[in-house]
$ cat model-v9.txt   # compact mmCIF, N, CA and C atoms and all ligand atoms
# COMPACT_ATOMS: atom_id res chain seq x y z
N MET M 1 12.22 -6.15 18.23
CA MET M 1 11.18 -6.81 17.43
C MET M 1 11.74 -7.14 16.05
N THR M 2 11.44 -8.32 15.57
CA THR M 2 11.87 -8.71 14.24
C THR M 2 11.07 -7.93 13.21
N ARG M 3 11.76 -7.43 12.21
CA ARG M 3 11.05 -6.69 11.16
C ARG M 3 10.43 -7.68 10.19
N PRO M 4 9.12 -7.59 9.95
CA PRO M 4 8.48 -8.53 9.02
C PRO M 4 8.98 -8.35 7.59
N PHE M 5 9.30 -9.47 6.97
CA PHE M 5 9.74 -9.46 5.56
C PHE M 5 8.55 -9.13 4.66
N LEU M 6 8.78 -8.29 3.66
CA LEU M 6 7.71 -7.94 2.72
C LEU M 6 7.93 -8.59 1.36
N CYS M 7 9.04 -8.30 0.72
CA CYS M 7 9.34 -8.91 -0.58
C CYS M 7 10.76 -8.55 -0.96
N ARG M 8 11.22 -9.14 -2.02
CA ARG M 8 12.52 -8.76 -2.57
C ARG M 8 12.30 -7.64 -3.57
N ILE M 9 13.19 -6.67 -3.56
CA ILE M 9 12.98 -5.50 -4.41
C ILE M 9 12.96 -5.88 -5.88
N GLU M 10 13.71 -6.90 -6.28
CA GLU M 10 13.73 -7.29 -7.70
C GLU M 10 12.41 -7.91 -8.15
N GLU M 11 11.52 -8.22 -7.21
CA GLU M 11 10.20 -8.74 -7.59
C GLU M 11 9.29 -7.62 -8.08
N LEU M 12 9.71 -6.37 -7.87
CA LEU M 12 8.89 -5.23 -8.26
C LEU M 12 9.39 -4.65 -9.57
N ALA M 13 8.48 -4.48 -10.53
CA ALA M 13 8.83 -3.72 -11.73
C ALA M 13 9.05 -2.28 -11.30
N ASP M 14 9.60 -1.46 -12.18
CA ASP M 14 9.82 -0.04 -11.85
C ASP M 14 9.25 0.81 -12.98
N PRO M 15 8.05 1.37 -12.87
CA PRO M 15 7.19 1.30 -11.68
C PRO M 15 6.39 -0.01 -11.63
N GLY M 16 6.10 -0.44 -10.42
CA GLY M 16 5.31 -1.65 -10.24
C GLY M 16 4.93 -1.80 -8.78
N THR M 17 3.95 -2.64 -8.55
CA THR M 17 3.42 -2.80 -7.20
C THR M 17 3.38 -4.26 -6.78
N ARG M 18 3.22 -4.43 -5.49
CA ARG M 18 3.03 -5.77 -4.94
C ARG M 18 2.17 -5.63 -3.69
N ASN M 19 1.27 -6.56 -3.52
CA ASN M 19 0.38 -6.57 -2.37
C ASN M 19 0.89 -7.63 -1.39
N VAL M 20 1.05 -7.24 -0.13
CA VAL M 20 1.50 -8.17 0.91
C VAL M 20 0.52 -8.07 2.07
N VAL M 21 0.03 -9.20 2.54
CA VAL M 21 -0.89 -9.21 3.68
C VAL M 21 -0.19 -9.91 4.84
N LEU M 22 -0.11 -9.21 5.97
CA LEU M 22 0.48 -9.78 7.18
C LEU M 22 -0.65 -10.02 8.18
N GLY M 23 -0.59 -11.12 8.91
CA GLY M 23 -1.60 -11.40 9.92
C GLY M 23 -2.88 -11.94 9.31
N GLU M 24 -3.88 -12.15 10.19
CA GLU M 24 -5.15 -12.74 9.75
C GLU M 24 -6.32 -12.08 10.46
N GLY M 25 -7.49 -12.22 9.87
CA GLY M 25 -8.73 -11.74 10.49
C GLY M 25 -8.65 -10.27 10.84
N ASP M 26 -9.08 -9.93 12.07
CA ASP M 26 -9.08 -8.53 12.49
C ASP M 26 -7.67 -7.97 12.59
N ASP M 27 -6.68 -8.84 12.67
CA ASP M 27 -5.29 -8.39 12.77
C ASP M 27 -4.59 -8.33 11.42
N GLU M 28 -5.36 -8.45 10.35
CA GLU M 28 -4.77 -8.47 9.02
C GLU M 28 -4.36 -7.07 8.58
N LEU M 29 -3.08 -6.95 8.22
CA LEU M 29 -2.57 -5.68 7.70
C LEU M 29 -2.31 -5.86 6.21
N ASP M 30 -3.09 -5.16 5.40
CA ASP M 30 -3.03 -5.24 3.95
C ASP M 30 -2.14 -4.09 3.45
N ILE M 31 -1.05 -4.44 2.82
CA ILE M 31 -0.03 -3.46 2.44
C ILE M 31 0.13 -3.45 0.93
N VAL M 32 0.26 -2.24 0.35
CA VAL M 32 0.66 -2.15 -1.05
C VAL M 32 2.04 -1.50 -1.10
N ILE M 33 2.94 -2.17 -1.80
CA ILE M 33 4.31 -1.68 -1.97
C ILE M 33 4.45 -1.23 -3.40
N VAL M 34 5.10 -0.10 -3.61
CA VAL M 34 5.31 0.39 -4.96
C VAL M 34 6.79 0.72 -5.13
N ARG M 35 7.28 0.45 -6.32
CA ARG M 35 8.63 0.87 -6.68
C ARG M 35 8.50 1.88 -7.80
N THR M 36 9.16 3.01 -7.65
CA THR M 36 9.13 4.03 -8.68
C THR M 36 10.46 4.78 -8.65
N LYS M 37 11.04 4.97 -9.81
CA LYS M 37 12.34 5.65 -9.93
C LYS M 37 13.36 5.05 -8.97
N SER M 38 13.37 3.75 -8.88
CA SER M 38 14.31 2.97 -8.06
C SER M 38 14.08 3.04 -6.56
N ALA M 39 13.09 3.79 -6.11
CA ALA M 39 12.81 3.85 -4.67
C ALA M 39 11.53 3.08 -4.37
N ALA M 40 11.44 2.51 -3.18
CA ALA M 40 10.25 1.74 -2.80
C ALA M 40 9.51 2.46 -1.67
N PHE M 41 8.19 2.37 -1.72
CA PHE M 41 7.32 2.98 -0.72
C PHE M 41 6.23 1.97 -0.38
N ALA M 42 5.71 2.08 0.84
CA ALA M 42 4.64 1.16 1.25
C ALA M 42 3.52 1.94 1.93
N TYR M 43 2.31 1.48 1.73
CA TYR M 43 1.13 2.13 2.29
C TYR M 43 0.15 1.07 2.76
N VAL M 44 -0.69 1.45 3.72
CA VAL M 44 -1.82 0.60 4.06
C VAL M 44 -2.74 0.59 2.85
N ASN M 45 -3.16 -0.58 2.43
CA ASN M 45 -4.04 -0.69 1.27
C ASN M 45 -5.47 -0.36 1.68
N ARG M 46 -5.72 0.94 1.81
CA ARG M 46 -7.01 1.40 2.31
C ARG M 46 -7.25 2.81 1.79
N CYS M 47 -8.26 2.95 0.95
CA CYS M 47 -8.57 4.27 0.39
C CYS M 47 -9.16 5.16 1.48
N PRO M 48 -8.68 6.40 1.59
CA PRO M 48 -9.21 7.28 2.64
C PRO M 48 -10.63 7.79 2.38
N HIS M 49 -11.20 7.44 1.22
CA HIS M 49 -12.57 7.86 0.94
C HIS M 49 -13.57 6.98 1.71
N GLN M 50 -13.52 5.67 1.47
CA GLN M 50 -14.47 4.78 2.16
C GLN M 50 -13.77 3.63 2.85
N PHE M 51 -12.47 3.75 3.03
CA PHE M 51 -11.68 2.77 3.80
C PHE M 51 -11.79 1.35 3.27
N ILE M 52 -11.83 1.25 1.95
CA ILE M 52 -11.83 -0.07 1.30
C ILE M 52 -10.47 -0.25 0.62
N PRO M 53 -10.08 -1.50 0.33
CA PRO M 53 -8.84 -1.72 -0.43
C PRO M 53 -8.92 -1.03 -1.79
N LEU M 54 -7.79 -0.62 -2.30
CA LEU M 54 -7.76 0.13 -3.56
C LEU M 54 -8.17 -0.70 -4.77
N GLU M 55 -7.78 -1.97 -4.77
CA GLU M 55 -7.91 -2.74 -6.01
C GLU M 55 -9.15 -3.63 -6.01
N THR M 56 -9.70 -3.81 -7.21
CA THR M 56 -10.77 -4.78 -7.39
C THR M 56 -10.18 -6.10 -7.86
N PHE M 57 -9.21 -6.01 -8.74
CA PHE M 57 -8.54 -7.22 -9.25
C PHE M 57 -7.16 -7.31 -8.63
N PRO M 58 -6.69 -8.52 -8.34
CA PRO M 58 -5.40 -8.68 -7.68
C PRO M 58 -4.28 -7.89 -8.36
N ASN M 59 -3.59 -7.13 -7.55
CA ASN M 59 -2.41 -6.36 -7.97
C ASN M 59 -2.68 -5.33 -9.07
N HIS M 60 -3.92 -4.85 -9.18
CA HIS M 60 -4.25 -3.77 -10.11
C HIS M 60 -4.37 -2.47 -9.31
N PHE M 61 -3.25 -1.83 -9.10
CA PHE M 61 -3.21 -0.64 -8.25
C PHE M 61 -2.93 0.65 -9.00
N LEU M 62 -2.41 0.53 -10.22
CA LEU M 62 -1.90 1.73 -10.90
C LEU M 62 -2.77 2.16 -12.07
N THR M 63 -2.67 3.47 -12.37
CA THR M 63 -3.30 3.97 -13.59
C THR M 63 -2.59 3.34 -14.79
N GLU M 64 -3.22 3.46 -15.96
CA GLU M 64 -2.65 2.83 -17.15
C GLU M 64 -1.23 3.33 -17.44
N ASP M 65 -1.00 4.62 -17.20
CA ASP M 65 0.35 5.17 -17.46
C ASP M 65 1.31 4.92 -16.30
N LYS M 66 0.82 4.26 -15.26
CA LYS M 66 1.63 3.87 -14.08
C LYS M 66 2.21 5.07 -13.33
N ARG M 67 1.55 6.21 -13.44
CA ARG M 67 2.03 7.40 -12.73
C ARG M 67 1.37 7.56 -11.37
N PHE M 68 0.22 6.93 -11.16
CA PHE M 68 -0.53 7.10 -9.92
C PHE M 68 -1.13 5.77 -9.47
N PHE M 69 -1.37 5.67 -8.14
CA PHE M 69 -2.30 4.64 -7.67
C PHE M 69 -3.68 5.09 -8.08
N VAL M 70 -4.56 4.13 -8.34
CA VAL M 70 -5.96 4.48 -8.59
C VAL M 70 -6.84 3.57 -7.76
N CYS M 71 -7.84 4.16 -7.14
CA CYS M 71 -8.79 3.39 -6.36
C CYS M 71 -9.91 2.94 -7.28
N SER M 72 -10.21 1.64 -7.26
CA SER M 72 -11.26 1.13 -8.15
C SER M 72 -12.64 1.46 -7.61
N GLY M 73 -12.72 2.01 -6.38
CA GLY M 73 -14.03 2.39 -5.83
C GLY M 73 -14.64 3.54 -6.62
N HIS M 74 -13.99 4.70 -6.60
CA HIS M 74 -14.53 5.89 -7.26
C HIS M 74 -13.45 6.65 -8.01
N GLY M 75 -12.35 5.99 -8.31
CA GLY M 75 -11.36 6.57 -9.21
C GLY M 75 -10.37 7.55 -8.61
N ALA M 76 -10.29 7.67 -7.30
CA ALA M 76 -9.30 8.59 -6.71
C ALA M 76 -7.91 8.16 -7.16
N ARG M 77 -7.07 9.15 -7.40
CA ARG M 77 -5.68 8.86 -7.79
C ARG M 77 -4.75 9.42 -6.71
N PHE M 78 -3.65 8.71 -6.50
CA PHE M 78 -2.71 9.05 -5.43
C PHE M 78 -1.28 9.03 -5.97
N HIS M 79 -0.48 9.98 -5.51
CA HIS M 79 0.94 10.00 -5.88
C HIS M 79 1.63 8.75 -5.35
N LEU M 80 2.52 8.18 -6.17
CA LEU M 80 3.21 6.95 -5.77
C LEU M 80 4.19 7.18 -4.62
N ASP M 81 4.86 8.33 -4.62
CA ASP M 81 5.95 8.54 -3.66
C ASP M 81 5.52 9.20 -2.36
N THR M 82 4.29 9.69 -2.30
CA THR M 82 3.82 10.31 -1.05
C THR M 82 2.50 9.72 -0.57
N GLY M 83 1.74 9.12 -1.47
CA GLY M 83 0.41 8.61 -1.14
C GLY M 83 -0.65 9.69 -1.08
N LYS M 84 -0.26 10.95 -1.30
CA LYS M 84 -1.25 12.04 -1.23
C LYS M 84 -2.21 11.94 -2.41
N CYS M 85 -3.47 12.30 -2.14
CA CYS M 85 -4.47 12.25 -3.20
C CYS M 85 -4.19 13.32 -4.24
N TYR M 86 -4.21 12.92 -5.50
CA TYR M 86 -3.96 13.83 -6.62
C TYR M 86 -5.29 14.30 -7.21
N SER M 87 -6.28 13.40 -7.26
CA SER M 87 -7.60 13.77 -7.77
C SER M 87 -8.62 12.77 -7.24
N GLY M 88 -9.87 13.21 -7.19
CA GLY M 88 -10.93 12.31 -6.74
C GLY M 88 -11.57 12.79 -5.45
N PRO M 89 -12.41 11.95 -4.87
CA PRO M 89 -13.23 12.39 -3.73
C PRO M 89 -12.46 12.52 -2.41
N CYS M 90 -11.20 12.19 -2.38
CA CYS M 90 -10.46 12.34 -1.10
C CYS M 90 -9.32 13.34 -1.20
N LEU M 91 -9.51 14.39 -2.01
CA LEU M 91 -8.51 15.45 -2.09
C LEU M 91 -8.23 15.97 -0.69
N GLY M 92 -6.95 16.23 -0.40
CA GLY M 92 -6.58 16.70 0.93
C GLY M 92 -6.24 15.56 1.87
N LYS M 93 -6.54 14.34 1.46
CA LYS M 93 -6.20 13.17 2.28
C LYS M 93 -5.15 12.35 1.52
N GLY M 94 -4.85 11.19 2.05
CA GLY M 94 -3.85 10.35 1.39
C GLY M 94 -3.84 8.96 1.97
N LEU M 95 -3.07 8.10 1.31
CA LEU M 95 -2.88 6.75 1.83
C LEU M 95 -2.00 6.84 3.08
N ASP M 96 -2.16 5.90 3.99
CA ASP M 96 -1.34 5.88 5.21
C ASP M 96 0.01 5.25 4.89
N PRO M 97 1.09 6.06 4.99
CA PRO M 97 2.41 5.51 4.68
C PRO M 97 2.91 4.57 5.77
N LEU M 98 3.70 3.60 5.35
CA LEU M 98 4.35 2.67 6.29
C LEU M 98 5.86 2.78 6.07
N ARG M 99 6.59 2.77 7.16
CA ARG M 99 8.06 2.82 7.04
C ARG M 99 8.57 1.44 6.62
N ILE M 100 9.46 1.45 5.66
CA ILE M 100 10.08 0.19 5.24
C ILE M 100 11.60 0.37 5.24
N ALA M 101 12.30 -0.73 5.32
CA ALA M 101 13.76 -0.71 5.26
C ALA M 101 14.21 -1.72 4.23
N GLU M 102 15.29 -1.38 3.53
CA GLU M 102 15.86 -2.30 2.54
C GLU M 102 17.17 -2.84 3.08
N GLU M 103 17.34 -4.13 2.98
CA GLU M 103 18.58 -4.75 3.44
C GLU M 103 18.91 -5.90 2.50
N ASN M 104 20.04 -5.82 1.87
CA ASN M 104 20.48 -6.87 0.94
C ASN M 104 19.42 -7.22 -0.10
N GLY M 105 18.77 -6.19 -0.63
CA GLY M 105 17.79 -6.41 -1.69
C GLY M 105 16.42 -6.85 -1.20
N ALA M 106 16.25 -6.93 0.12
CA ALA M 106 14.94 -7.32 0.67
C ALA M 106 14.30 -6.13 1.38
N LEU M 107 12.98 -6.06 1.30
CA LEU M 107 12.23 -4.99 1.96
C LEU M 107 11.56 -5.54 3.21
N TYR M 108 11.65 -4.77 4.29
CA TYR M 108 11.06 -5.16 5.57
C TYR M 108 10.18 -4.03 6.07
N LEU M 109 9.12 -4.38 6.77
CA LEU M 109 8.32 -3.38 7.46
C LEU M 109 9.15 -2.88 8.63
N ASP M 110 9.26 -1.57 8.79
CA ASP M 110 10.16 -1.00 9.79
C ASP M 110 9.40 -0.02 10.69
N GLU M 111 8.33 -0.50 11.29
CA GLU M 111 7.48 0.32 12.14
C GLU M 111 7.71 -0.04 13.61
N ALA M 112 7.48 0.92 14.50
CA ALA M 112 7.60 0.65 15.93
C ALA M 112 6.48 -0.29 16.40
N LEU M 113 5.30 -0.14 15.79
CA LEU M 113 4.17 -1.00 16.15
C LEU M 113 4.22 -2.29 15.36
N SER M 114 3.65 -3.35 15.91
CA SER M 114 3.57 -4.61 15.19
C SER M 114 2.52 -4.49 14.08
N PRO M 115 2.57 -5.36 13.08
CA PRO M 115 1.54 -5.32 12.03
C PRO M 115 0.13 -5.44 12.62
N GLU M 116 -0.03 -6.26 13.66
CA GLU M 116 -1.35 -6.42 14.27
C GLU M 116 -1.82 -5.12 14.91
N GLU M 117 -0.91 -4.43 15.58
CA GLU M 117 -1.29 -3.15 16.21
C GLU M 117 -1.66 -2.12 15.15
N ILE M 118 -0.90 -2.09 14.06
CA ILE M 118 -1.24 -1.15 12.97
C ILE M 118 -2.60 -1.52 12.39
N ALA M 119 -2.81 -2.82 12.15
CA ALA M 119 -4.08 -3.27 11.56
C ALA M 119 -5.26 -2.85 12.43
N ARG M 120 -5.10 -2.98 13.74
CA ARG M 120 -6.22 -2.62 14.63
C ARG M 120 -6.51 -1.13 14.60
N SER M 121 -5.48 -0.32 14.33
CA SER M 121 -5.70 1.13 14.30
C SER M 121 -6.12 1.63 12.92
N LYS M 122 -6.05 0.77 11.92
CA LYS M 122 -6.39 1.16 10.54
C LYS M 122 -7.39 0.18 9.96
N ARG M 123 -8.53 0.10 10.57
CA ARG M 123 -9.53 -0.86 10.11
C ARG M 123 -9.90 -0.60 8.65
N THR M 124 -10.04 -1.69 7.92
CA THR M 124 -10.41 -1.61 6.51
C THR M 124 -11.81 -2.19 6.34
N ASN M 125 -12.65 -1.48 5.59
CA ASN M 125 -13.96 -2.03 5.24
C ASN M 125 -13.78 -2.95 4.06
N ARG M 126 -14.03 -4.20 4.25
CA ARG M 126 -13.83 -5.19 3.18
C ARG M 126 -14.97 -5.15 2.19
N ARG M 127 -14.62 -5.26 0.91
CA ARG M 127 -15.66 -5.32 -0.11
C ARG M 127 -16.03 -6.75 -0.41
N TRP M 128 -15.16 -7.70 -0.05
CA TRP M 128 -15.41 -9.09 -0.38
C TRP M 128 -15.16 -9.93 0.82
S1 LIG K 1 -13.48 4.36 -2.07
FE1 LIG K 1 -11.67 5.06 -3.08
S2 LIG K 1 -12.34 6.69 -4.28
FE2 LIG K 1 -14.10 6.08 -3.20

$ encode --input "model-v9.txt" --output "structure tokens" --more "lines below"
Ligand code: FES
Amino acid sequence: MTRPFLCRIEELADPGTRNVVLGEGDDELDIVIVRTKSAAFAYVNRCPHQFIPLETFPNHFLTEDKRFFVCSGHGARFHLDTGKCYSGPCLGKGLDPLRIAEENGALYLDEALSPEEIARSKRTNRRW
């Protein structure tokens, strides 16, 4: 299976995020990619509290000090490098991590399942 391209690593500030959506409709996989301390991580853009996307405004995923993801729903904060909840209503839970691979400065989704299969298993409640 061809690994879906996500973005070039130089497009990400450090720390910084980028939102990538693969597929459409019910098969849409909404991904947030973060770069921190020179490493990149990717998660399904879905808060484990109410299964809505984390951001209200495009690409606004981080706390002001850029140390955590923050959910605009009810303020849950998540570690950048693990996705585990640090504070808020979903303590003990976390963002769903996605495997990524870097090749020649480009990041690719590196999962056994297709983006559509992942999207179907991780339904997101849309706010808009
Ligand atoms: S929906 Fe994310 S904290 Fe409530």

$ residues_near_ligand --input "model-v9.txt" --ligand "ligand LIG 1 (chain K)" --cutoff "6.5 Å" --atoms "only N, CA and C atoms and all ligand atoms" --output "MDAnalysis selection string"
chainID M and resid 47:52 54 71:76 88:90

$ atom_distance --input "model-v9.txt" --atom1 "CA of Val20 (chain M)" --atom2 "atom C of Glu64 (chain M)"
21.8 Å

$ atom_distance --input "model-v9.txt" --atom1 "CA of Ile9 (chain M)" --atom2 "CA of Leu107 (chain M)"
6.4 Å

$ residues_around --input "model-v9.txt" --residues "Thr124 (chain M)" --least-positions-apart "2" --cutoff "10 Å" --atoms "only C-alpha atoms" --output "NGL selection string"
:M and (26 or 28-30 or 44-48 or 50-53 or 119-122 or 126-127)

$ atom_distance --input "model-v9.txt" --atom1 "CA of Asp27 (chain M)" --atom2 "CA of Glu116 (chain M)"
4.7 Å

$ axis_aligned_box --input "model-v9.txt" --around "region 47-60 of chain M" --padding-each-side "6 Å" --output "AutoDock Vina command-line options"
--center_x -8.4 --center_y -0.4 --center_z -3.2 --size_x 24.1 --size_y 28.5 --size_z 25.9

$ closest_residue --input "model-v9.txt" --among "M:Ala13, M:Leu62, M:Leu95, M:Val21" --to "Ser38 (chain M)" --atoms "all atoms listed in the file"
M:Ala13

$ select_by_dssp --input "model-v9.txt" --residues "chain M" --states "strand (DSSP E)" --output "JSON, numbers by chain"
{"M": [5, 6, 7, 8, 16, 17, 18, 19, 20, 21, 22, 29, 30, 31, 32, 33, 34, 35, 36, 39, 40, 41, 42, 43, 44, 68, 69, 70, 77, 78, 79, 85, 86, 87, 97, 98, 100, 101, 102, 103, 106, 107, 108, 109]}

$ residues_near_point --input "model-v9.txt" --point "(12.7, -7.0, 8.9)" --cutoff "6.5 Å" --atoms "only N, CA and C atoms" --output "count of residues only"
8

$ residues_near_point --input "model-v9.txt" --point "(4.4, -0.3, -10.5)" --cutoff "8 Å" --atoms "only C-alpha atoms" --output "MDAnalysis selection string"
chainID M and resid 12:18 34:36 61:62 66

$ residues_around --input "model-v9.txt" --residues "Asp81 (chain M)" --least-positions-apart "6" --cutoff "8 Å" --atoms "only N, CA and C atoms" --output "PyMOL selection string"
chain M and resi 34+36+39-42+67-69

$ closest_residue --input "model-v9.txt" --among "M:Ile100, M:Arg123, M:His60, M:Pro115" --to "Gly23 (chain M)" --atoms "all atoms listed in the file"
M:Pro115

$ closest_residue --input "model-v9.txt" --among "M:Asn19, M:Lys93, M:Glu24, M:Cys85" --to "Pro58 (chain M)" --atoms "only C-alpha atoms"
M:Asn19

$ closest_residue --input "model-v9.txt" --among "M:Glu10, M:Ser114, M:Arg77, M:Asn104" --to "Gly92 (chain M)" --atoms "only C-alpha atoms"
M:Arg77
